[in-house]
file final_10.txt (compact mmCIF, all heavy atoms)
# COMPACT_ATOMS: atom_id res chain seq x y z
N MET D 1 -7.82 -51.60 -92.51
CA MET D 1 -9.02 -50.83 -92.74
C MET D 1 -10.16 -51.81 -93.02
O MET D 1 -10.03 -52.67 -93.87
CB MET D 1 -8.80 -49.89 -93.93
CG MET D 1 -10.05 -49.18 -94.34
SD MET D 1 -9.95 -48.00 -95.71
CE MET D 1 -8.29 -47.89 -96.20
N ASN D 2 -11.25 -51.65 -92.30
CA ASN D 2 -12.37 -52.54 -92.56
C ASN D 2 -13.30 -51.92 -93.61
O ASN D 2 -13.08 -50.80 -94.06
CB ASN D 2 -13.11 -52.89 -91.26
CG ASN D 2 -13.67 -51.67 -90.56
OD1 ASN D 2 -14.04 -50.70 -91.21
ND2 ASN D 2 -13.73 -51.72 -89.25
N SER D 3 -14.33 -52.64 -93.99
CA SER D 3 -15.18 -52.19 -95.09
C SER D 3 -15.95 -50.92 -94.74
O SER D 3 -16.19 -50.08 -95.62
CB SER D 3 -16.15 -53.30 -95.49
OG SER D 3 -17.00 -53.62 -94.41
N THR D 4 -16.31 -50.75 -93.47
CA THR D 4 -17.04 -49.53 -93.08
C THR D 4 -16.15 -48.30 -93.21
O THR D 4 -16.59 -47.26 -93.70
CB THR D 4 -17.53 -49.66 -91.63
OG1 THR D 4 -18.28 -50.85 -91.50
CG2 THR D 4 -18.38 -48.49 -91.23
N GLU D 5 -14.89 -48.43 -92.80
CA GLU D 5 -13.96 -47.31 -92.95
C GLU D 5 -13.73 -46.99 -94.42
O GLU D 5 -13.68 -45.83 -94.81
CB GLU D 5 -12.63 -47.62 -92.29
CG GLU D 5 -12.67 -47.58 -90.79
CD GLU D 5 -11.34 -47.95 -90.17
OE1 GLU D 5 -10.60 -48.76 -90.78
OE2 GLU D 5 -11.05 -47.44 -89.09
N GLY D 6 -13.57 -48.02 -95.23
CA GLY D 6 -13.38 -47.81 -96.66
C GLY D 6 -14.56 -47.10 -97.30
O GLY D 6 -14.39 -46.20 -98.13
N LEU D 7 -15.76 -47.48 -96.90
CA LEU D 7 -16.96 -46.83 -97.41
C LEU D 7 -17.02 -45.37 -96.97
O LEU D 7 -17.35 -44.48 -97.77
CB LEU D 7 -18.20 -47.58 -96.92
CG LEU D 7 -19.55 -47.10 -97.44
CD1 LEU D 7 -19.63 -47.28 -98.95
CD2 LEU D 7 -20.65 -47.88 -96.76
N ALA D 8 -16.64 -45.10 -95.73
CA ALA D 8 -16.65 -43.72 -95.23
C ALA D 8 -15.63 -42.86 -95.98
O ALA D 8 -15.92 -41.72 -96.35
CB ALA D 8 -16.36 -43.71 -93.74
N TYR D 9 -14.42 -43.40 -96.21
CA TYR D 9 -13.41 -42.63 -96.93
C TYR D 9 -13.83 -42.40 -98.38
O TYR D 9 -13.59 -41.34 -98.94
CB TYR D 9 -12.06 -43.32 -96.86
CG TYR D 9 -11.55 -43.46 -95.44
CD1 TYR D 9 -10.89 -44.60 -95.04
CD2 TYR D 9 -11.77 -42.47 -94.49
CE1 TYR D 9 -10.43 -44.75 -93.73
CE2 TYR D 9 -11.32 -42.61 -93.19
CZ TYR D 9 -10.66 -43.75 -92.82
OH TYR D 9 -10.22 -43.89 -91.54
N GLY D 10 -14.44 -43.40 -98.98
CA GLY D 10 -14.95 -43.23 -100.34
C GLY D 10 -16.02 -42.16 -100.42
O GLY D 10 -16.04 -41.33 -101.34
N ALA D 11 -16.92 -42.15 -99.43
CA ALA D 11 -17.98 -41.14 -99.40
C ALA D 11 -17.39 -39.75 -99.21
O ALA D 11 -17.83 -38.78 -99.84
CB ALA D 11 -18.97 -41.46 -98.29
N LEU D 12 -16.38 -39.62 -98.34
CA LEU D 12 -15.73 -38.32 -98.16
C LEU D 12 -15.07 -37.84 -99.44
O LEU D 12 -15.13 -36.67 -99.79
CB LEU D 12 -14.68 -38.40 -97.05
CG LEU D 12 -15.16 -38.23 -95.63
CD1 LEU D 12 -14.01 -38.48 -94.66
CD2 LEU D 12 -15.73 -36.85 -95.40
N PHE D 13 -14.44 -38.77 -100.15
CA PHE D 13 -13.77 -38.41 -101.41
C PHE D 13 -14.79 -37.94 -102.44
O PHE D 13 -14.60 -36.90 -103.08
CB PHE D 13 -12.98 -39.62 -101.93
CG PHE D 13 -12.24 -39.33 -103.19
CD1 PHE D 13 -11.08 -38.58 -103.16
CD2 PHE D 13 -12.69 -39.82 -104.41
CE1 PHE D 13 -10.39 -38.31 -104.33
CE2 PHE D 13 -12.00 -39.55 -105.57
CZ PHE D 13 -10.84 -38.80 -105.54
N VAL D 14 -15.87 -38.67 -102.59
CA VAL D 14 -16.91 -38.29 -103.55
C VAL D 14 -17.53 -36.95 -103.16
O VAL D 14 -17.76 -36.08 -104.02
CB VAL D 14 -17.99 -39.40 -103.65
CG1 VAL D 14 -19.20 -38.93 -104.44
CG2 VAL D 14 -17.39 -40.65 -104.28
N LEU D 15 -17.78 -36.75 -101.87
CA LEU D 15 -18.34 -35.49 -101.40
C LEU D 15 -17.41 -34.33 -101.70
O LEU D 15 -17.85 -33.28 -102.19
CB LEU D 15 -18.62 -35.58 -99.90
CG LEU D 15 -19.15 -34.31 -99.24
CD1 LEU D 15 -20.54 -33.97 -99.77
CD2 LEU D 15 -19.19 -34.48 -97.74
N ALA D 16 -16.13 -34.51 -101.44
CA ALA D 16 -15.16 -33.44 -101.69
C ALA D 16 -15.09 -33.09 -103.17
O ALA D 16 -15.10 -31.91 -103.54
CB ALA D 16 -13.78 -33.85 -101.18
N ILE D 17 -15.05 -34.09 -104.04
CA ILE D 17 -14.98 -33.83 -105.48
C ILE D 17 -16.26 -33.15 -105.96
O ILE D 17 -16.20 -32.19 -106.73
CB ILE D 17 -14.74 -35.16 -106.26
CG1 ILE D 17 -13.39 -35.75 -105.87
CG2 ILE D 17 -14.84 -34.94 -107.75
CD1 ILE D 17 -12.20 -34.86 -106.14
N THR D 18 -17.41 -33.61 -105.48
CA THR D 18 -18.68 -33.00 -105.88
C THR D 18 -18.75 -31.55 -105.45
O THR D 18 -19.18 -30.68 -106.23
CB THR D 18 -19.86 -33.79 -105.26
OG1 THR D 18 -19.75 -35.15 -105.67
CG2 THR D 18 -21.19 -33.23 -105.72
N LEU D 19 -18.32 -31.26 -104.23
CA LEU D 19 -18.34 -29.87 -103.75
C LEU D 19 -17.37 -29.00 -104.53
O LEU D 19 -17.66 -27.83 -104.81
CB LEU D 19 -18.01 -29.83 -102.26
CG LEU D 19 -19.11 -30.36 -101.34
CD1 LEU D 19 -18.59 -30.50 -99.92
CD2 LEU D 19 -20.33 -29.46 -101.37
N LEU D 20 -16.23 -29.55 -104.92
CA LEU D 20 -15.29 -28.77 -105.74
C LEU D 20 -15.88 -28.47 -107.11
O LEU D 20 -15.74 -27.36 -107.63
CB LEU D 20 -13.97 -29.52 -105.90
CG LEU D 20 -13.04 -29.50 -104.68
CD1 LEU D 20 -11.87 -30.44 -104.91
CD2 LEU D 20 -12.56 -28.09 -104.40
N LEU D 21 -16.55 -29.43 -107.70
CA LEU D 21 -17.13 -29.24 -109.03
C LEU D 21 -18.30 -28.26 -109.01
O LEU D 21 -18.61 -27.65 -110.04
CB LEU D 21 -17.58 -30.58 -109.61
CG LEU D 21 -16.45 -31.54 -109.96
CD1 LEU D 21 -17.01 -32.88 -110.43
CD2 LEU D 21 -15.54 -30.95 -111.03
N THR D 22 -18.95 -28.10 -107.87
CA THR D 22 -20.08 -27.17 -107.77
C THR D 22 -19.65 -25.84 -107.13
O THR D 22 -20.50 -25.07 -106.70
CB THR D 22 -21.23 -27.79 -106.96
OG1 THR D 22 -20.74 -28.16 -105.67
CG2 THR D 22 -21.82 -28.98 -107.68
N ASN D 23 -18.34 -25.59 -107.09
CA ASN D 23 -17.77 -24.33 -106.59
C ASN D 23 -18.09 -24.04 -105.14
O ASN D 23 -18.22 -22.89 -104.75
CB ASN D 23 -18.20 -23.15 -107.47
CG ASN D 23 -17.63 -23.24 -108.86
OD1 ASN D 23 -16.53 -23.76 -109.04
ND2 ASN D 23 -18.37 -22.76 -109.85
N HIS D 24 -18.21 -25.05 -104.32
CA HIS D 24 -18.37 -24.88 -102.88
C HIS D 24 -17.03 -25.20 -102.23
O HIS D 24 -16.85 -26.24 -101.60
CB HIS D 24 -19.46 -25.80 -102.32
CG HIS D 24 -20.83 -25.44 -102.78
ND1 HIS D 24 -21.40 -26.01 -103.89
CD2 HIS D 24 -21.72 -24.55 -102.28
CE1 HIS D 24 -22.61 -25.50 -104.05
NE2 HIS D 24 -22.83 -24.60 -103.09
N PHE D 25 -16.08 -24.27 -102.38
CA PHE D 25 -14.70 -24.56 -102.00
C PHE D 25 -14.52 -24.68 -100.49
O PHE D 25 -13.73 -25.49 -100.02
CB PHE D 25 -13.76 -23.49 -102.56
CG PHE D 25 -13.75 -23.46 -104.06
CD1 PHE D 25 -14.27 -22.38 -104.75
CD2 PHE D 25 -13.26 -24.54 -104.78
CE1 PHE D 25 -14.28 -22.37 -106.13
CE2 PHE D 25 -13.26 -24.54 -106.15
CZ PHE D 25 -13.77 -23.45 -106.84
N ILE D 26 -15.23 -23.86 -99.72
CA ILE D 26 -15.07 -23.92 -98.26
C ILE D 26 -15.62 -25.25 -97.73
O ILE D 26 -14.97 -25.91 -96.90
CB ILE D 26 -15.76 -22.72 -97.59
CG1 ILE D 26 -15.04 -21.43 -97.98
CG2 ILE D 26 -15.77 -22.87 -96.08
CD1 ILE D 26 -15.72 -20.17 -97.53
N LEU D 27 -16.77 -25.66 -98.21
CA LEU D 27 -17.33 -26.95 -97.77
C LEU D 27 -16.46 -28.11 -98.25
O LEU D 27 -16.31 -29.10 -97.55
CB LEU D 27 -18.75 -27.11 -98.29
CG LEU D 27 -19.80 -26.20 -97.65
CD1 LEU D 27 -21.14 -26.38 -98.36
CD2 LEU D 27 -19.94 -26.49 -96.18
N ALA D 28 -15.88 -27.97 -99.44
CA ALA D 28 -14.99 -29.02 -99.95
C ALA D 28 -13.76 -29.15 -99.06
O ALA D 28 -13.30 -30.26 -98.78
CB ALA D 28 -14.58 -28.71 -101.38
N THR D 29 -13.25 -28.03 -98.57
CA THR D 29 -12.11 -28.06 -97.67
C THR D 29 -12.47 -28.80 -96.38
O THR D 29 -11.68 -29.60 -95.87
CB THR D 29 -11.64 -26.63 -97.34
OG1 THR D 29 -11.35 -25.96 -98.57
CG2 THR D 29 -10.41 -26.64 -96.48
N VAL D 30 -13.66 -28.55 -95.88
CA VAL D 30 -14.11 -29.23 -94.66
C VAL D 30 -14.21 -30.73 -94.90
O VAL D 30 -13.93 -31.53 -94.01
CB VAL D 30 -15.45 -28.64 -94.19
CG1 VAL D 30 -16.05 -29.47 -93.06
CG2 VAL D 30 -15.28 -27.19 -93.76
N ALA D 31 -14.59 -31.15 -96.09
CA ALA D 31 -14.70 -32.58 -96.41
C ALA D 31 -13.33 -33.20 -96.66
O ALA D 31 -13.12 -34.38 -96.37
CB ALA D 31 -15.58 -32.77 -97.64
N ILE D 32 -12.37 -32.42 -97.17
CA ILE D 32 -11.05 -32.96 -97.51
C ILE D 32 -10.20 -33.17 -96.27
O ILE D 32 -9.42 -34.13 -96.20
CB ILE D 32 -10.34 -32.02 -98.52
CG1 ILE D 32 -11.03 -32.13 -99.87
CG2 ILE D 32 -8.87 -32.35 -98.64
CD1 ILE D 32 -10.56 -31.11 -100.89
N VAL D 33 -10.34 -32.31 -95.26
CA VAL D 33 -9.47 -32.39 -94.08
C VAL D 33 -9.53 -33.76 -93.40
O VAL D 33 -8.49 -34.38 -93.18
CB VAL D 33 -9.79 -31.24 -93.09
CG1 VAL D 33 -9.14 -31.47 -91.74
CG2 VAL D 33 -9.34 -29.91 -93.68
N PRO D 34 -10.73 -34.30 -93.05
CA PRO D 34 -10.71 -35.63 -92.43
C PRO D 34 -10.22 -36.73 -93.37
O PRO D 34 -9.64 -37.72 -92.93
CB PRO D 34 -12.17 -35.87 -92.01
CG PRO D 34 -12.97 -34.87 -92.73
CD PRO D 34 -12.06 -33.75 -93.09
N TYR D 35 -10.43 -36.56 -94.68
CA TYR D 35 -9.94 -37.53 -95.65
C TYR D 35 -8.41 -37.58 -95.63
O TYR D 35 -7.80 -38.65 -95.61
CB TYR D 35 -10.45 -37.16 -97.04
CG TYR D 35 -10.08 -38.16 -98.10
CD1 TYR D 35 -10.74 -39.37 -98.20
CD2 TYR D 35 -9.04 -37.91 -98.99
CE1 TYR D 35 -10.39 -40.30 -99.16
CE2 TYR D 35 -8.68 -38.83 -99.95
CZ TYR D 35 -9.36 -40.02 -100.03
OH TYR D 35 -9.01 -40.93 -100.97
N VAL D 36 -7.78 -36.41 -95.58
CA VAL D 36 -6.32 -36.34 -95.56
C VAL D 36 -5.78 -36.89 -94.23
O VAL D 36 -4.80 -37.63 -94.21
CB VAL D 36 -5.85 -34.89 -95.79
CG1 VAL D 36 -4.37 -34.73 -95.51
CG2 VAL D 36 -6.18 -34.45 -97.20
N LEU D 37 -6.43 -36.53 -93.13
CA LEU D 37 -5.99 -37.04 -91.83
C LEU D 37 -6.10 -38.57 -91.77
O LEU D 37 -5.23 -39.24 -91.21
CB LEU D 37 -6.81 -36.41 -90.71
CG LEU D 37 -6.57 -34.91 -90.49
CD1 LEU D 37 -7.51 -34.39 -89.42
CD2 LEU D 37 -5.14 -34.63 -90.14
N ALA D 38 -7.15 -39.11 -92.35
CA ALA D 38 -7.32 -40.56 -92.37
C ALA D 38 -6.25 -41.22 -93.23
O ALA D 38 -5.77 -42.30 -92.91
CB ALA D 38 -8.70 -40.92 -92.87
N SER D 39 -5.85 -40.56 -94.31
CA SER D 39 -4.83 -41.16 -95.16
C SER D 39 -3.49 -41.21 -94.44
O SER D 39 -2.71 -42.13 -94.64
CB SER D 39 -4.70 -40.38 -96.47
OG SER D 39 -4.14 -39.10 -96.24
N PHE D 40 -3.21 -40.23 -93.55
CA PHE D 40 -1.98 -40.28 -92.77
C PHE D 40 -2.00 -41.45 -91.79
O PHE D 40 -0.96 -42.03 -91.50
CB PHE D 40 -1.78 -38.98 -91.98
CG PHE D 40 -1.18 -37.88 -92.80
CD1 PHE D 40 -1.83 -36.67 -92.94
CD2 PHE D 40 0.04 -38.05 -93.43
CE1 PHE D 40 -1.28 -35.65 -93.69
CE2 PHE D 40 0.60 -37.04 -94.19
CZ PHE D 40 -0.07 -35.83 -94.31
N LYS D 41 -3.17 -41.81 -91.31
CA LYS D 41 -3.28 -42.92 -90.36
C LYS D 41 -2.77 -44.22 -90.98
O LYS D 41 -2.14 -45.04 -90.31
CB LYS D 41 -4.73 -43.08 -89.93
CG LYS D 41 -4.98 -44.23 -88.99
CD LYS D 41 -6.45 -44.34 -88.64
CE LYS D 41 -6.73 -45.53 -87.77
NZ LYS D 41 -8.15 -45.68 -87.47
N TYR D 42 -3.01 -44.41 -92.26
CA TYR D 42 -2.63 -45.65 -92.93
C TYR D 42 -1.35 -45.52 -93.76
O TYR D 42 -0.90 -46.48 -94.34
CB TYR D 42 -3.78 -46.13 -93.81
CG TYR D 42 -4.97 -46.54 -92.98
CD1 TYR D 42 -6.11 -45.75 -92.93
CD2 TYR D 42 -4.96 -47.70 -92.23
CE1 TYR D 42 -7.21 -46.11 -92.16
CE2 TYR D 42 -6.03 -48.07 -91.44
CZ TYR D 42 -7.15 -47.28 -91.42
OH TYR D 42 -8.22 -47.63 -90.65
N SER D 43 -0.77 -44.32 -93.82
CA SER D 43 0.43 -44.12 -94.62
C SER D 43 1.69 -44.65 -93.95
O SER D 43 2.62 -45.08 -94.62
CB SER D 43 0.63 -42.63 -94.93
OG SER D 43 -0.41 -42.17 -95.75
N PHE D 44 1.72 -44.55 -92.63
CA PHE D 44 2.94 -44.92 -91.92
C PHE D 44 2.75 -46.25 -91.21
O PHE D 44 1.72 -46.45 -90.57
CB PHE D 44 3.28 -43.83 -90.91
CG PHE D 44 3.46 -42.48 -91.55
CD1 PHE D 44 2.48 -41.51 -91.40
CD2 PHE D 44 4.58 -42.21 -92.30
CE1 PHE D 44 2.62 -40.28 -92.01
CE2 PHE D 44 4.72 -40.98 -92.90
CZ PHE D 44 3.75 -40.01 -92.76
N PRO D 45 3.72 -47.14 -91.30
CA PRO D 45 3.59 -48.42 -90.59
C PRO D 45 3.61 -48.20 -89.09
O PRO D 45 4.29 -47.30 -88.58
CB PRO D 45 4.80 -49.21 -91.06
CG PRO D 45 5.77 -48.19 -91.53
CD PRO D 45 4.96 -47.03 -92.02
N LYS D 46 2.88 -49.04 -88.40
CA LYS D 46 2.84 -48.94 -86.95
C LYS D 46 4.20 -49.36 -86.40
O LYS D 46 4.71 -50.41 -86.74
CB LYS D 46 1.74 -49.85 -86.41
CG LYS D 46 1.34 -49.54 -85.01
CD LYS D 46 0.11 -50.34 -84.63
CE LYS D 46 -0.41 -49.87 -83.32
NZ LYS D 46 -1.60 -50.60 -82.91
N GLN D 47 4.75 -48.52 -85.54
CA GLN D 47 6.07 -48.81 -84.99
C GLN D 47 5.93 -49.66 -83.73
O GLN D 47 5.04 -49.45 -82.93
CB GLN D 47 6.80 -47.52 -84.67
CG GLN D 47 7.11 -46.70 -85.90
CD GLN D 47 7.89 -45.45 -85.55
OE1 GLN D 47 8.16 -45.18 -84.39
NE2 GLN D 47 8.26 -44.70 -86.56
N LYS D 48 6.83 -50.62 -83.62
CA LYS D 48 6.84 -51.47 -82.42
C LYS D 48 7.42 -50.69 -81.26
O LYS D 48 8.32 -49.88 -81.43
CB LYS D 48 7.69 -52.71 -82.66
CG LYS D 48 7.10 -53.71 -83.59
CD LYS D 48 8.03 -54.92 -83.64
CE LYS D 48 7.44 -56.04 -84.43
NZ LYS D 48 8.35 -57.19 -84.47
N GLU D 49 6.91 -51.00 -80.09
CA GLU D 49 7.52 -50.41 -78.90
C GLU D 49 8.83 -51.12 -78.63
O GLU D 49 8.96 -52.33 -78.85
CB GLU D 49 6.58 -50.55 -77.71
CG GLU D 49 5.36 -49.68 -77.80
CD GLU D 49 4.52 -49.75 -76.55
OE1 GLU D 49 5.04 -50.18 -75.50
OE2 GLU D 49 3.35 -49.37 -76.62
N LYS D 50 9.78 -50.37 -78.16
CA LYS D 50 11.09 -50.94 -77.88
C LYS D 50 11.01 -51.86 -76.67
O LYS D 50 10.50 -51.48 -75.63
CB LYS D 50 12.08 -49.80 -77.62
CG LYS D 50 13.50 -50.18 -77.81
CD LYS D 50 14.38 -48.96 -77.73
CE LYS D 50 15.79 -49.31 -78.06
NZ LYS D 50 16.68 -48.16 -77.93
N GLU D 51 11.50 -53.06 -76.83
CA GLU D 51 11.48 -54.02 -75.72
C GLU D 51 12.73 -53.83 -74.86
O GLU D 51 13.80 -53.55 -75.39
CB GLU D 51 11.43 -55.44 -76.25
CG GLU D 51 10.14 -55.76 -76.99
CD GLU D 51 10.11 -57.20 -77.46
OE1 GLU D 51 10.96 -57.99 -77.03
OE2 GLU D 51 9.21 -57.50 -78.26
N PRO D 52 12.58 -53.99 -73.58
CA PRO D 52 13.78 -53.86 -72.72
C PRO D 52 14.78 -54.97 -73.01
O PRO D 52 14.40 -56.09 -73.34
CB PRO D 52 13.22 -53.96 -71.31
CG PRO D 52 11.88 -54.59 -71.44
CD PRO D 52 11.39 -54.27 -72.83
N SER D 53 16.05 -54.63 -72.91
CA SER D 53 17.09 -55.61 -73.22
C SER D 53 17.28 -56.64 -72.13
O SER D 53 17.90 -57.68 -72.35
CB SER D 53 18.41 -54.89 -73.49
OG SER D 53 18.83 -54.24 -72.32
N GLY D 54 16.80 -56.35 -70.93
CA GLY D 54 16.96 -57.29 -69.83
C GLY D 54 18.20 -57.05 -69.00
O GLY D 54 18.46 -57.73 -68.05
N ARG D 55 19.00 -56.08 -69.41
CA ARG D 55 20.22 -55.78 -68.67
C ARG D 55 19.96 -54.58 -67.75
O ARG D 55 19.40 -53.59 -68.16
CB ARG D 55 21.35 -55.41 -69.62
CG ARG D 55 21.78 -56.51 -70.50
CD ARG D 55 22.97 -56.03 -71.29
NE ARG D 55 23.25 -56.95 -72.39
CZ ARG D 55 24.17 -56.71 -73.30
NH1 ARG D 55 24.88 -55.61 -73.26
NH2 ARG D 55 24.39 -57.57 -74.24
N ASN D 56 20.42 -54.70 -66.56
CA ASN D 56 20.36 -53.59 -65.62
C ASN D 56 21.78 -53.24 -65.20
O ASN D 56 22.45 -54.05 -64.56
CB ASN D 56 19.51 -53.93 -64.39
CG ASN D 56 18.06 -54.08 -64.74
OD1 ASN D 56 17.58 -53.40 -65.64
ND2 ASN D 56 17.37 -54.96 -64.05
N HIS D 57 22.25 -52.09 -65.55
CA HIS D 57 23.62 -51.68 -65.21
C HIS D 57 23.60 -50.79 -64.03
O HIS D 57 22.88 -49.96 -63.79
CB HIS D 57 24.29 -50.96 -66.38
CG HIS D 57 24.60 -51.88 -67.50
ND1 HIS D 57 25.81 -52.49 -67.65
CD2 HIS D 57 23.85 -52.31 -68.54
CE1 HIS D 57 25.80 -53.24 -68.74
NE2 HIS D 57 24.59 -53.14 -69.30

call {"tool": "encode", "arguments": {"input": "final_10.txt", "output": "structure tokens"}}
result
Amino acid sequence: MNSTEGLAYGALFVLAITLLLTNHFILATVAIVPYVLASFKYSFPKQKEKEPSGRNH
């Protein structure tokens, strides 16, 4: 994650919390969805593609 992505995720988090505290639950949900999707992007390690074994049967 580069610094721009980190700043964007931080802004989404602050926006979501602020909207929740001001009772704007629908808008807070809209702000939380991309935050959660982004967290899934970095939660799982990138899997390597399987390399061919070199054998042809």

call {"tool": "residues_near_point", "arguments": {"input": "final_10.txt", "point": "(-11.4, -43.1, -90.3)", "cutoff": "5 Å", "atoms": "all atoms listed in the file", "output": "number ranges by chain"}}
result
D: 5, 9, 38

call {"tool": "axis_aligned_box", "arguments": {"input": "final_10.txt", "around": "segment 28-36 of chain D", "padding_each_side": "6 Å", "output": "JSON"}}
result
{"center_x": -10.2, "center_y": -33.4, "center_z": -96.6, "size_x": 23.7, "size_y": 27.0, "size_z": 21.6}

call {"tool": "atom_distance", "arguments": {"input": "final_10.txt", "atom1": "atom CB of Thr18 of chain D", "atom2": "atom OG of Ser3 of chain D"}}
result
22.8 Å

call {"tool": "atom_distance", "arguments": {"input": "final_10.txt", "atom1": "atom CA of His24 of chain D", "atom2": "atom CA of Ser43 of chain D"}}
result
28.1 Å

call {"tool": "atom_distance", "arguments": {"input": "final_10.txt", "atom1": "atom O of Thr4 of chain D", "atom2": "atom CD1 of Ile26 of chain D"}}
result
27.4 Å

call {"tool": "residues_around", "arguments": {"input": "final_10.txt", "residues": "Val14 of chain D", "least_positions_apart": "4", "cutoff": "12 Å", "atoms": "only C-alpha atoms", "output": "compact mmCIF listing (two decimals) with all heavy atoms, in the frame of the given file"}}
result
# COMPACT_ATOMS: atom_id res chain seq x y z
N LEU D 7 -15.76 -47.48 -96.90
CA LEU D 7 -16.96 -46.83 -97.41
C LEU D 7 -17.02 -45.37 -96.97
O LEU D 7 -17.35 -44.48 -97.77
CB LEU D 7 -18.20 -47.58 -96.92
CG LEU D 7 -19.55 -47.10 -97.44
CD1 LEU D 7 -19.63 -47.28 -98.95
CD2 LEU D 7 -20.65 -47.88 -96.76
N ALA D 8 -16.64 -45.10 -95.73
CA ALA D 8 -16.65 -43.72 -95.23
C ALA D 8 -15.63 -42.86 -95.98
O ALA D 8 -15.92 -41.72 -96.35
CB ALA D 8 -16.36 -43.71 -93.74
N TYR D 9 -14.42 -43.40 -96.21
CA TYR D 9 -13.41 -42.63 -96.93
C TYR D 9 -13.83 -42.40 -98.38
O TYR D 9 -13.59 -41.34 -98.94
CB TYR D 9 -12.06 -43.32 -96.86
CG TYR D 9 -11.55 -43.46 -95.44
CD1 TYR D 9 -10.89 -44.60 -95.04
CD2 TYR D 9 -11.77 -42.47 -94.49
CE1 TYR D 9 -10.43 -44.75 -93.73
CE2 TYR D 9 -11.32 -42.61 -93.19
CZ TYR D 9 -10.66 -43.75 -92.82
OH TYR D 9 -10.22 -43.89 -91.54
N GLY D 10 -14.44 -43.40 -98.98
CA GLY D 10 -14.95 -43.23 -100.34
C GLY D 10 -16.02 -42.16 -100.42
O GLY D 10 -16.04 -41.33 -101.34
N THR D 18 -17.41 -33.61 -105.48
CA THR D 18 -18.68 -33.00 -105.88
C THR D 18 -18.75 -31.55 -105.45
O THR D 18 -19.18 -30.68 -106.23
CB THR D 18 -19.86 -33.79 -105.26
OG1 THR D 18 -19.75 -35.15 -105.67
CG2 THR D 18 -21.19 -33.23 -105.72
N LEU D 19 -18.32 -31.26 -104.23
CA LEU D 19 -18.34 -29.87 -103.75
C LEU D 19 -17.37 -29.00 -104.53
O LEU D 19 -17.66 -27.83 -104.81
CB LEU D 19 -18.01 -29.83 -102.26
CG LEU D 19 -19.11 -30.36 -101.34
CD1 LEU D 19 -18.59 -30.50 -99.92
CD2 LEU D 19 -20.33 -29.46 -101.37
N LEU D 20 -16.23 -29.55 -104.92
CA LEU D 20 -15.29 -28.77 -105.74
C LEU D 20 -15.88 -28.47 -107.11
O LEU D 20 -15.74 -27.36 -107.63
CB LEU D 20 -13.97 -29.52 -105.90
CG LEU D 20 -13.04 -29.50 -104.68
CD1 LEU D 20 -11.87 -30.44 -104.91
CD2 LEU D 20 -12.56 -28.09 -104.40
N LEU D 21 -16.55 -29.43 -107.70
CA LEU D 21 -17.13 -29.24 -109.03
C LEU D 21 -18.30 -28.26 -109.01
O LEU D 21 -18.61 -27.65 -110.04
CB LEU D 21 -17.58 -30.58 -109.61
CG LEU D 21 -16.45 -31.54 -109.96
CD1 LEU D 21 -17.01 -32.88 -110.43
CD2 LEU D 21 -15.54 -30.95 -111.03
N ALA D 28 -15.88 -27.97 -99.44
CA ALA D 28 -14.99 -29.02 -99.95
C ALA D 28 -13.76 -29.15 -99.06
O ALA D 28 -13.30 -30.26 -98.78
CB ALA D 28 -14.58 -28.71 -101.38
N ALA D 31 -14.59 -31.15 -96.09
CA ALA D 31 -14.70 -32.58 -96.41
C ALA D 31 -13.33 -33.20 -96.66
O ALA D 31 -13.12 -34.38 -96.37
CB ALA D 31 -15.58 -32.77 -97.64
N ILE D 32 -12.37 -32.42 -97.17
CA ILE D 32 -11.05 -32.96 -97.51
C ILE D 32 -10.20 -33.17 -96.27
O ILE D 32 -9.42 -34.13 -96.20
CB ILE D 32 -10.34 -32.02 -98.52
CG1 ILE D 32 -11.03 -32.13 -99.87
CG2 ILE D 32 -8.87 -32.35 -98.64
CD1 ILE D 32 -10.56 -31.11 -100.89
N TYR D 35 -10.43 -36.56 -94.68
CA TYR D 35 -9.94 -37.53 -95.65
C TYR D 35 -8.41 -37.58 -95.63
O TYR D 35 -7.80 -38.65 -95.61
CB TYR D 35 -10.45 -37.16 -97.04
CG TYR D 35 -10.08 -38.16 -98.10
CD1 TYR D 35 -10.74 -39.37 -98.20
CD2 TYR D 35 -9.04 -37.91 -98.99
CE1 TYR D 35 -10.39 -40.30 -99.16
CE2 TYR D 35 -8.68 -38.83 -99.95
CZ TYR D 35 -9.36 -40.02 -100.03
OH TYR D 35 -9.01 -40.93 -100.97
